[in-house]
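Taking it in order: structure first as structure tokens, then the write-up.
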Amino acid sequence: MYRSAILILIGSFITGLYSLIVIIFSPFVREGEFSIHRIARSWAKAILAVSGVDSRISGSFNVYLDRPQIFMANHQSVFDIFVVLAQLPAQFRWIAKKELFEVPIFGGALRRTGSIELDRKNRERAMVSIDEAARKIREGKSVMTFPEGTRSRPGQIRDFKKGVFHLAMKAGVPIVPISIIGSGEIMETKSMRIRPGKILLIVDKPINTSDYSMDDMDTLVEQVHEVIVRNYEQGKKEMKF
């Protein structure tokens, strides 16, 4: 636990430093070679390195580099955030709960990165957020989401909430299913203990939302859920790095 306390202090310092860098330099950077997303990726890699986490990706060729998409992944740990930033080859925006935008410095950095605020307690505002996200996606911005809506325990994948699927249908872009294996063992839900270890991302082929109508929403949700669960279970058996 002593090690975890030290790591949390170091991680908090790194997060505060990178958040300040984003806030200070965001007015001067572009979406090209030196982008805000690259700063965020550097932050994530630094957190993984000091935590003793070895992360890998499988199926990165399934990520579009020339068109927007919606990434959907299972969610078991705060380290999911770091590993998708560090490993996914495409730039993306976050859809994040309102409370994160209220965190000093970090919340300001979230806004500067173009992340989209979601007020889960206010349905009307949540729908406005989805409309805003759909507009950004149609303009060419990819989005990263955790359709479970909250973190689950290691070995479990909850049912998916339909809000992000409405977003995918409204934006008319593919869904890219991602399975994250090992993050729950690094840092469990509601735990402050950080263990060194391994995390594997498995990226499956995109699912075209144009093949579905709103009446087929349940079928689409079920298909994405099945793909993520299947790869999660397979990844647990094969993860040997």
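Chain identifiers are assigned as A, B, and so on, following the order in which chains appear in the structure tokens; residues are numbered from 1 within each chain, and ligands are numbered from 1 in order of appearance.
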Name the residues in contact with Ser51 of chain A at a cut-off of 8 Å, using only C-alpha atoms, excluding same-chain residues fewer than 3 positions from it; report them as a ChimeraX atom specification. /A:7,47-48,194-196
Would you write out those residues with N, CA and C atoms, as a short mmCIF file (atom, residue, chain, number, x, y, z; two decimals), in the first residue's frame?
data_model
loop_
_atom_site.label_atom_id
_atom_site.label_comp_id
_atom_site.auth_asym_id
_atom_site.auth_seq_id
_atom_site.Cartn_x
_atom_site.Cartn_y
_atom_site.Cartn_z
N LEU A 7 2.88 6.12 -5.73
CA LEU A 7 2.50 6.19 -7.14
C LEU A 7 1.35 7.17 -7.36
N ILE A 47 2.20 7.84 -17.02
CA ILE A 47 1.50 7.21 -15.90
C ILE A 47 1.71 5.69 -15.93
N LEU A 48 1.59 5.09 -17.12
CA LEU A 48 1.78 3.65 -17.24
C LEU A 48 3.21 3.25 -16.87
N ILE A 194 -2.38 0.06 -6.38
CA ILE A 194 -1.91 -0.07 -7.76
C ILE A 194 -0.88 -1.19 -7.81
N ARG A 195 -1.11 -2.17 -8.67
CA ARG A 195 -0.19 -3.29 -8.84
C ARG A 195 0.47 -3.20 -10.21
N PRO A 196 1.73 -3.54 -10.32
CA PRO A 196 2.35 -3.63 -11.66
C PRO A 196 1.73 -4.81 -12.40
#
Do you know which residues are at most 8 Å from Ser77 of chain A counting only C-alpha atoms, after dropping those on the same chain fewer than 2 positions away, and could you put them as a list in words?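 Final neighbour list, sorted by chain and number: His75, Phe79, Asp80, Arg151, Ser152, Ser183, Gly184, Ile186, Met187, Glu188 and Thr189 of chain A.
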Let me see the file: selected residues, all heavy atoms, as a tab-separated table (two decimals), in the first residue's frame.
chain	number	residue	atom	x	y	z
A	75	HIS	N	-15.02	-1.39	-19.29
A	75	HIS	CA	-14.41	-0.43	-18.36
A	75	HIS	C	-14.32	-1.06	-16.97
A	75	HIS	O	-15.33	-1.27	-16.31
A	75	HIS	CB	-15.27	0.83	-18.33
A	75	HIS	CG	-14.64	1.99	-17.61
A	75	HIS	ND1	-13.28	2.14	-17.49
A	75	HIS	CD2	-15.20	3.05	-16.97
A	75	HIS	CE1	-13.03	3.26	-16.83
A	75	HIS	NE2	-14.17	3.81	-16.50
A	79	PHE	N	-7.22	2.86	-15.23
A	79	PHE	CA	-6.11	2.63	-16.15
A	79	PHE	C	-6.58	2.38	-17.58
A	79	PHE	O	-5.78	2.43	-18.51
A	79	PHE	CB	-5.23	1.48	-15.65
A	79	PHE	CG	-4.19	1.93	-14.66
A	79	PHE	CD1	-4.52	2.12	-13.34
A	79	PHE	CD2	-2.89	2.19	-15.06
A	79	PHE	CE1	-3.58	2.55	-12.42
A	79	PHE	CE2	-1.93	2.63	-14.15
A	79	PHE	CZ	-2.28	2.81	-12.82
A	80	ASP	N	-7.89	2.11	-17.76
A	80	ASP	CA	-8.43	2.01	-19.12
A	80	ASP	C	-8.19	3.30	-19.89
A	80	ASP	O	-7.91	3.29	-21.09
A	80	ASP	CB	-9.93	1.71	-19.07
A	80	ASP	CG	-10.25	0.37	-18.42
A	80	ASP	OD1	-9.41	-0.54	-18.52
A	80	ASP	OD2	-11.33	0.24	-17.83
A	151	ARG	N	-17.54	1.74	-14.01
A	151	ARG	CA	-16.57	0.65	-13.94
A	151	ARG	C	-17.19	-0.60	-13.34
A	151	ARG	O	-17.99	-0.52	-12.41
A	151	ARG	CB	-15.36	1.08	-13.11
A	151	ARG	CG	-14.41	2.02	-13.85
A	151	ARG	CD	-13.32	2.53	-12.94
A	151	ARG	NE	-13.84	3.58	-12.05
A	151	ARG	CZ	-13.12	4.16	-11.09
A	151	ARG	NH1	-11.87	3.77	-10.87
A	151	ARG	NH2	-13.64	5.10	-10.34
A	152	SER	N	-16.79	-1.75	-13.86
A	152	SER	CA	-17.26	-3.03	-13.33
A	152	SER	C	-16.09	-3.75	-12.65
A	152	SER	O	-14.94	-3.34	-12.76
A	152	SER	CB	-17.83	-3.89	-14.46
A	152	SER	OG	-16.88	-4.08	-15.48
A	183	SER	N	-6.71	-4.56	-16.90
A	183	SER	CA	-6.69	-3.29	-16.17
A	183	SER	C	-7.31	-3.41	-14.78
A	183	SER	O	-6.88	-2.73	-13.84
A	183	SER	CB	-7.43	-2.21	-16.97
A	183	SER	OG	-8.81	-2.55	-17.12
A	184	GLY	N	-8.32	-4.27	-14.63
A	184	GLY	CA	-8.95	-4.44	-13.33
A	184	GLY	C	-8.01	-5.05	-12.30
A	184	GLY	O	-8.17	-4.82	-11.10
A	186	ILE	N	-4.81	-4.33	-12.29
A	186	ILE	CA	-3.85	-3.28	-11.96
A	186	ILE	C	-4.40	-2.40	-10.83
A	186	ILE	O	-3.71	-2.12	-9.85
A	186	ILE	CB	-3.55	-2.39	-13.19
A	186	ILE	CG1	-3.01	-3.24	-14.35
A	186	ILE	CG2	-2.58	-1.26	-12.83
A	186	ILE	CD1	-1.68	-3.90	-14.08
A	187	MET	N	-5.65	-1.97	-10.98
A	187	MET	CA	-6.29	-1.14	-9.97
A	187	MET	C	-7.79	-1.41	-10.00
A	187	MET	O	-8.47	-1.04	-10.95
A	187	MET	CB	-6.01	0.35	-10.22
A	187	MET	CG	-6.46	1.27	-9.13
A	187	MET	SD	-5.97	3.00	-9.46
A	187	MET	CE	-6.41	3.77	-7.91
A	188	GLU	N	-8.30	-2.06	-8.98
A	188	GLU	CA	-9.70	-2.45	-8.95
A	188	GLU	C	-10.61	-1.26	-8.66
A	188	GLU	O	-10.18	-0.23	-8.13
A	188	GLU	CB	-9.92	-3.54	-7.89
A	188	GLU	CG	-9.22	-4.84	-8.18
A	188	GLU	CD	-9.53	-5.90	-7.13
A	188	GLU	OE1	-10.45	-5.67	-6.32
A	188	GLU	OE2	-8.85	-6.94	-7.11
A	189	THR	N	-11.88	-1.42	-9.00
A	189	THR	CA	-12.88	-0.41	-8.70
A	189	THR	C	-12.94	-0.15	-7.20
A	189	THR	O	-12.91	-1.09	-6.40
A	189	THR	CB	-14.27	-0.88	-9.18
A	189	THR	OG1	-14.20	-1.15	-10.58
A	189	THR	CG2	-15.32	0.19	-8.94
Residue with the minimum atom-to-atom distance to Leu200 of chain A, picked from A:Glu222, A:Glu102, A:Glu233, A:Glu132 with only C-alpha atoms counted, is A:Glu233
Give the strand (DSSP E or B) residues of segment 18-160 of chain A, as assigned by DSSP on the backbone, as JSON, numbers by chain. {"A": [53, 54, 55, 56, 57, 58, 70, 71, 72, 73, 93, 94, 95, 96, 97, 116, 117, 118, 143, 144, 145]}
Using only N, CA, C and O atoms, please write the residues we just selected to a file, as a PDB file, in the first residue's frame.
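Once written, part-v7.pdb looks like this:
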ATOM      1  N   VAL A  53       3.331  -0.701 -15.640  1.00  0.00           N
ATOM      2  CA  VAL A  53       2.335  -1.384 -16.475  1.00  0.00           C
ATOM      3  C   VAL A  53       2.872  -1.565 -17.889  1.00  0.00           C
ATOM      4  O   VAL A  53       3.280  -0.602 -18.542  1.00  0.00           O
ATOM      5  N   ASP A  54       2.852  -2.798 -18.352  1.00  0.00           N
ATOM      6  CA  ASP A  54       3.236  -3.144 -19.731  1.00  0.00           C
ATOM      7  C   ASP A  54       1.955  -3.294 -20.544  1.00  0.00           C
ATOM      8  O   ASP A  54       1.137  -4.165 -20.263  1.00  0.00           O
ATOM      9  N   SER A  55       1.757  -2.428 -21.519  1.00  0.00           N
ATOM     10  CA  SER A  55       0.517  -2.462 -22.312  1.00  0.00           C
ATOM     11  C   SER A  55       0.812  -2.779 -23.763  1.00  0.00           C
ATOM     12  O   SER A  55       1.844  -2.381 -24.304  1.00  0.00           O
ATOM     13  N   ARG A  56      -0.101  -3.526 -24.379  1.00  0.00           N
ATOM     14  CA  ARG A  56       0.019  -3.914 -25.791  1.00  0.00           C
ATOM     15  C   ARG A  56      -1.331  -3.764 -26.481  1.00  0.00           C
ATOM     16  O   ARG A  56      -2.377  -3.709 -25.823  1.00  0.00           O
ATOM     17  N   ILE A  57      -1.291  -3.724 -27.816  1.00  0.00           N
ATOM     18  CA  ILE A  57      -2.518  -3.641 -28.603  1.00  0.00           C
ATOM     19  C   ILE A  57      -2.505  -4.702 -29.688  1.00  0.00           C
ATOM     20  O   ILE A  57      -1.465  -4.977 -30.299  1.00  0.00           O
ATOM     21  N   SER A  58      -3.644  -5.308 -29.931  1.00  0.00           N
ATOM     22  CA  SER A  58      -3.821  -6.277 -31.008  1.00  0.00           C
ATOM     23  C   SER A  58      -4.978  -5.809 -31.885  1.00  0.00           C
ATOM     24  O   SER A  58      -6.031  -5.421 -31.377  1.00  0.00           O
ATOM     25  N   ILE A  70     -16.631   5.672 -33.639  1.00  0.00           N
ATOM     26  CA  ILE A  70     -16.889   5.680 -32.204  1.00  0.00           C
ATOM     27  C   ILE A  70     -16.267   4.431 -31.603  1.00  0.00           C
ATOM     28  O   ILE A  70     -16.623   3.311 -31.968  1.00  0.00           O
ATOM     29  N   PHE A  71     -15.317   4.634 -30.707  1.00  0.00           N
ATOM     30  CA  PHE A  71     -14.694   3.518 -30.011  1.00  0.00           C
ATOM     31  C   PHE A  71     -15.545   3.174 -28.788  1.00  0.00           C
ATOM     32  O   PHE A  71     -15.927   4.050 -28.022  1.00  0.00           O
ATOM     33  N   MET A  72     -15.835   1.884 -28.611  1.00  0.00           N
ATOM     34  CA  MET A  72     -16.573   1.417 -27.436  1.00  0.00           C
ATOM     35  C   MET A  72     -15.782   0.318 -26.759  1.00  0.00           C
ATOM     36  O   MET A  72     -15.402  -0.667 -27.401  1.00  0.00           O
ATOM     37  N   ALA A  73     -15.518   0.489 -25.456  1.00  0.00           N
ATOM     38  CA  ALA A  73     -14.699  -0.471 -24.720  1.00  0.00           C
ATOM     39  C   ALA A  73     -15.331  -0.804 -23.377  1.00  0.00           C
ATOM     40  O   ALA A  73     -16.074   0.003 -22.807  1.00  0.00           O
ATOM     41  N   ARG A  93     -11.922  12.196 -29.099  1.00  0.00           N
ATOM     42  CA  ARG A  93     -12.430  13.003 -27.990  1.00  0.00           C
ATOM     43  C   ARG A  93     -13.091  12.083 -26.972  1.00  0.00           C
ATOM     44  O   ARG A  93     -13.511  10.982 -27.299  1.00  0.00           O
ATOM     45  N   TRP A  94     -13.217  12.567 -25.754  1.00  0.00           N
ATOM     46  CA  TRP A  94     -13.892  11.801 -24.706  1.00  0.00           C
ATOM     47  C   TRP A  94     -15.313  12.307 -24.504  1.00  0.00           C
ATOM     48  O   TRP A  94     -15.578  13.510 -24.637  1.00  0.00           O
ATOM     49  N   ILE A  95     -16.219  11.408 -24.176  1.00  0.00           N
ATOM     50  CA  ILE A  95     -17.491  11.801 -23.589  1.00  0.00           C
ATOM     51  C   ILE A  95     -17.358  11.488 -22.109  1.00  0.00           C
ATOM     52  O   ILE A  95     -17.229  10.319 -21.721  1.00  0.00           O
ATOM     53  N   ALA A  96     -17.324  12.502 -21.272  1.00  0.00           N
ATOM     54  CA  ALA A  96     -17.024  12.322 -19.854  1.00  0.00           C
ATOM     55  C   ALA A  96     -18.137  12.894 -18.985  1.00  0.00           C
ATOM     56  O   ALA A  96     -18.802  13.858 -19.353  1.00  0.00           O
ATOM     57  N   LYS A  97     -18.318  12.290 -17.819  1.00  0.00           N
ATOM     58  CA  LYS A  97     -19.351  12.762 -16.907  1.00  0.00           C
ATOM     59  C   LYS A  97     -19.036  14.165 -16.405  1.00  0.00           C
ATOM     60  O   LYS A  97     -17.866  14.561 -16.278  1.00  0.00           O
ATOM     61  N   ILE A 116     -16.436  16.144 -24.367  1.00  0.00           N
ATOM     62  CA  ILE A 116     -17.851  16.500 -24.331  1.00  0.00           C
ATOM     63  C   ILE A 116     -18.430  16.161 -22.966  1.00  0.00           C
ATOM     64  O   ILE A 116     -18.309  15.025 -22.494  1.00  0.00           O
ATOM     65  N   GLU A 117     -19.026  17.125 -22.337  1.00  0.00           N
ATOM     66  CA  GLU A 117     -19.575  16.969 -20.990  1.00  0.00           C
ATOM     67  C   GLU A 117     -20.944  16.310 -21.036  1.00  0.00           C
ATOM     68  O   GLU A 117     -21.815  16.703 -21.809  1.00  0.00           O
ATOM     69  N   LEU A 118     -21.127  15.274 -20.198  1.00  0.00           N
ATOM     70  CA  LEU A 118     -22.400  14.557 -20.141  1.00  0.00           C
ATOM     71  C   LEU A 118     -22.964  14.645 -18.731  1.00  0.00           C
ATOM     72  O   LEU A 118     -22.349  14.176 -17.771  1.00  0.00           O
ATOM     73  N   VAL A 143     -14.701   9.570 -31.308  1.00  0.00           N
ATOM     74  CA  VAL A 143     -15.082   9.665 -29.893  1.00  0.00           C
ATOM     75  C   VAL A 143     -14.808   8.335 -29.203  1.00  0.00           C
ATOM     76  O   VAL A 143     -15.028   7.262 -29.774  1.00  0.00           O
ATOM     77  N   MET A 144     -14.345   8.405 -27.961  1.00  0.00           N
ATOM     78  CA  MET A 144     -14.097   7.216 -27.137  1.00  0.00           C
ATOM     79  C   MET A 144     -15.160   7.143 -26.045  1.00  0.00           C
ATOM     80  O   MET A 144     -15.413   8.133 -25.351  1.00  0.00           O
ATOM     81  N   THR A 145     -15.792   5.965 -25.881  1.00  0.00           N
ATOM     82  CA  THR A 145     -16.846   5.808 -24.878  1.00  0.00           C
ATOM     83  C   THR A 145     -16.694   4.474 -24.143  1.00  0.00           C
ATOM     84  O   THR A 145     -16.111   3.521 -24.659  1.00  0.00           O
TER      85      THR A 145
END
Could you list, with a cut-off of 9 Å and counting only C-alpha atoms, the residues of segment 170-232 of chain A near segment 156-163 of chain A, each shown with its nearest atom pair and the distance in Å rounded to one decimal, rows sorted by chain and ascending number, as CSV?
residue,atom,partner,partner_atom,distance
A:Met217,CA,A:Lys162,CA,8.0
A:Asp218,CA,A:Lys162,CA,8.4
A:Val221,CA,A:Phe160,CA,7.0
A:Glu222,CA,A:Phe160,CA,8.4
A:His225,CA,A:Phe160,CA,7.1
A:Ile228,CA,A:Ile157,CA,8.8
A:Val229,CA,A:Ile157,CA,7.1
Written selection (N, CA and C atoms) as a JSON list (two decimals), in the first residue's frame:
[["chain", "number", "residue", "atom", "x", "y", "z"],
["A", 217, "MET", "N", -32.01, -1.31, -32.71],
["A", 217, "MET", "CA", -31.05, -0.86, -31.70],
["A", 217, "MET", "C", -30.62, -1.98, -30.76],
["A", 218, "ASP", "N", -31.56, -2.76, -30.28],
["A", 218, "ASP", "CA", -31.22, -3.84, -29.35],
["A", 218, "ASP", "C", -30.29, -4.86, -29.99],
["A", 221, "VAL", "N", -26.77, -3.28, -30.07],
["A", 221, "VAL", "CA", -26.19, -3.30, -28.72],
["A", 221, "VAL", "C", -25.69, -4.70, -28.37],
["A", 222, "GLU", "N", -26.51, -5.69, -28.67],
["A", 222, "GLU", "CA", -26.16, -7.08, -28.36],
["A", 222, "GLU", "C", -24.93, -7.53, -29.15],
["A", 225, "HIS", "N", -21.77, -5.90, -27.70],
["A", 225, "HIS", "CA", -21.51, -6.51, -26.40],
["A", 225, "HIS", "C", -20.89, -7.90, -26.58],
["A", 228, "ILE", "N", -17.18, -7.71, -27.72],
["A", 228, "ILE", "CA", -16.27, -7.28, -26.65],
["A", 228, "ILE", "C", -16.08, -8.39, -25.62],
["A", 229, "VAL", "N", -17.16, -9.06, -25.24],
["A", 229, "VAL", "CA", -17.06, -10.16, -24.27],
["A", 229, "VAL", "C", -16.24, -11.31, -24.84]]
Which residue of A:Met239, A:Ile181, A:Ile175, A:Val227 approaches Thr209 of chain A most closely, using only C-alpha atoms: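 Closest candidate: A:Ile175.
With only C-alpha atoms as the atoms that count, the residue of A:Lys237, A:Arg67, A:Lys98, A:Arg193 with the shortest distance to Asp119 of chain A is A:Lys98.
What separates atom CA of Leu110 of chain A from atom CA of Ala126 of chain A is a distance of 17.4 Å.
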Would you pick out the contacts of segment 83-90 of chain A at 6 Å or less, using only C-alpha atoms, so that residues sharing its chain but fewer than 5 positions from it are not included, and give the list as a list of chain:residue names? A:Arg41, A:Ala44, A:Lys45, A:Leu65
Closest to Pro177 of chain A among A:Glu226, A:Asp131, A:Asp216, A:Glu139, using only C-alpha atoms?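 Closest to Pro177 of chain A of all the choices is A:Glu226.
Note that the spacing between atom CA of Ser179 of chain A and atom CA of Asp211 of chain A amounts to 22.4 Å.
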Mind giving me the straight-line distance from atom CA of Gly182 of chain A to atom CA of Gln76 of chain A in Å, one decimal? 8.8 Å
Env of Ile207 of chain A: 10 Å cut, atoms = only C-alpha atoms, seq-sep filter 3 positions within chain, self excluded. Answer as a PyMOL selection string. chain A and resi 69-70+173-177+204+210-212+220+223-224
Next, write the just-selected residues to a file, as a compact mmCIF listing (two decimals), in the first residue's frame, keeping all heavy atoms as the atom set.
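Result file result.txt:
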# COMPACT_ATOMS: atom_id res chain seq x y z
N GLN A 69 -14.97 7.65 -36.19
CA GLN A 69 -15.55 6.41 -35.68
C GLN A 69 -15.86 6.59 -34.20
O GLN A 69 -15.39 7.55 -33.57
CB GLN A 69 -14.57 5.25 -35.87
CG GLN A 69 -13.27 5.41 -35.10
CD GLN A 69 -12.05 5.18 -35.95
OE1 GLN A 69 -11.72 4.07 -36.28
NE2 GLN A 69 -11.34 6.25 -36.32
N ILE A 70 -16.63 5.67 -33.64
CA ILE A 70 -16.89 5.68 -32.20
C ILE A 70 -16.27 4.43 -31.60
O ILE A 70 -16.62 3.31 -31.97
CB ILE A 70 -18.40 5.73 -31.90
CG1 ILE A 70 -18.99 7.05 -32.38
CG2 ILE A 70 -18.65 5.54 -30.40
CD1 ILE A 70 -20.46 7.22 -32.06
N VAL A 173 -21.72 6.84 -38.10
CA VAL A 173 -20.34 6.37 -38.23
C VAL A 173 -20.20 4.96 -37.65
O VAL A 173 -21.04 4.53 -36.86
CB VAL A 173 -19.36 7.33 -37.51
CG1 VAL A 173 -19.38 8.70 -38.16
CG2 VAL A 173 -19.67 7.41 -36.03
N PRO A 174 -19.12 4.25 -38.02
CA PRO A 174 -18.94 2.88 -37.51
C PRO A 174 -18.61 2.85 -36.02
O PRO A 174 -18.05 3.81 -35.46
CB PRO A 174 -17.76 2.35 -38.33
CG PRO A 174 -17.60 3.30 -39.46
CD PRO A 174 -18.10 4.62 -39.00
N ILE A 175 -18.95 1.73 -35.38
CA ILE A 175 -18.56 1.46 -34.01
C ILE A 175 -17.37 0.51 -34.03
O ILE A 175 -17.40 -0.52 -34.72
CB ILE A 175 -19.71 0.82 -33.22
CG1 ILE A 175 -20.86 1.82 -33.05
CG2 ILE A 175 -19.23 0.33 -31.85
CD1 ILE A 175 -22.12 1.20 -32.47
N VAL A 176 -16.32 0.84 -33.31
CA VAL A 176 -15.14 -0.02 -33.22
C VAL A 176 -15.11 -0.64 -31.82
O VAL A 176 -14.84 0.05 -30.84
CB VAL A 176 -13.84 0.76 -33.49
CG1 VAL A 176 -12.63 -0.16 -33.38
CG2 VAL A 176 -13.88 1.43 -34.86
N PRO A 177 -15.39 -1.96 -31.70
CA PRO A 177 -15.41 -2.61 -30.38
C PRO A 177 -13.99 -2.86 -29.87
O PRO A 177 -13.13 -3.35 -30.61
CB PRO A 177 -16.13 -3.94 -30.63
CG PRO A 177 -16.70 -3.84 -32.03
CD PRO A 177 -15.83 -2.88 -32.76
N ASP A 204 -11.45 -4.97 -32.48
CA ASP A 204 -12.13 -5.77 -33.49
C ASP A 204 -12.51 -4.90 -34.68
O ASP A 204 -12.41 -3.67 -34.62
CB ASP A 204 -13.37 -6.44 -32.89
CG ASP A 204 -13.69 -7.78 -33.55
OD1 ASP A 204 -14.12 -7.75 -34.71
OD2 ASP A 204 -13.50 -8.83 -32.91
N SER A 210 -24.82 1.91 -40.38
CA SER A 210 -25.74 2.09 -41.51
C SER A 210 -26.52 0.82 -41.82
O SER A 210 -27.52 0.85 -42.54
CB SER A 210 -24.98 2.57 -42.75
OG SER A 210 -23.98 1.64 -43.12
N ASP A 211 -26.03 -0.31 -41.31
CA ASP A 211 -26.72 -1.58 -41.52
C ASP A 211 -27.90 -1.77 -40.57
O ASP A 211 -28.60 -2.79 -40.65
CB ASP A 211 -25.74 -2.75 -41.34
CG ASP A 211 -24.63 -2.74 -42.38
OD1 ASP A 211 -24.84 -2.17 -43.46
OD2 ASP A 211 -23.55 -3.31 -42.10
N TYR A 212 -28.10 -0.80 -39.67
CA TYR A 212 -29.15 -0.93 -38.65
C TYR A 212 -30.06 0.29 -38.68
O TYR A 212 -29.65 1.39 -39.06
CB TYR A 212 -28.52 -1.04 -37.25
CG TYR A 212 -27.65 -2.26 -37.07
CD1 TYR A 212 -26.31 -2.24 -37.48
CD2 TYR A 212 -28.14 -3.43 -36.50
CE1 TYR A 212 -25.49 -3.35 -37.32
CE2 TYR A 212 -27.33 -4.54 -36.33
CZ TYR A 212 -26.01 -4.49 -36.75
OH TYR A 212 -25.21 -5.60 -36.59
N LEU A 220 -28.09 -4.23 -32.38
CA LEU A 220 -26.78 -3.60 -32.48
C LEU A 220 -26.06 -3.63 -31.13
O LEU A 220 -24.88 -3.99 -31.05
CB LEU A 220 -26.93 -2.15 -32.96
CG LEU A 220 -25.65 -1.32 -33.02
CD1 LEU A 220 -24.63 -1.95 -33.97
CD2 LEU A 220 -25.97 0.12 -33.43
N GLN A 223 -24.85 -7.13 -30.42
CA GLN A 223 -23.72 -7.54 -31.25
C GLN A 223 -22.42 -6.96 -30.72
O GLN A 223 -21.41 -7.68 -30.60
CB GLN A 223 -23.92 -7.12 -32.70
CG GLN A 223 -22.76 -7.56 -33.60
CD GLN A 223 -22.92 -7.13 -35.04
OE1 GLN A 223 -23.94 -6.54 -35.42
NE2 GLN A 223 -21.92 -7.40 -35.87
N VAL A 224 -22.42 -5.67 -30.41
CA VAL A 224 -21.20 -5.03 -29.89
C VAL A 224 -20.80 -5.66 -28.56
O VAL A 224 -19.61 -5.94 -28.32
CB VAL A 224 -21.41 -3.50 -29.74
CG1 VAL A 224 -20.19 -2.86 -29.10
CG2 VAL A 224 -21.69 -2.86 -31.10
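Distance annotation: of A:Asn122, A:Ser213, A:Ile6, A:Gly140, the residue with the minimal separation from Phe165 of chain A is A:Ser213; atom set is only C-alpha atoms.
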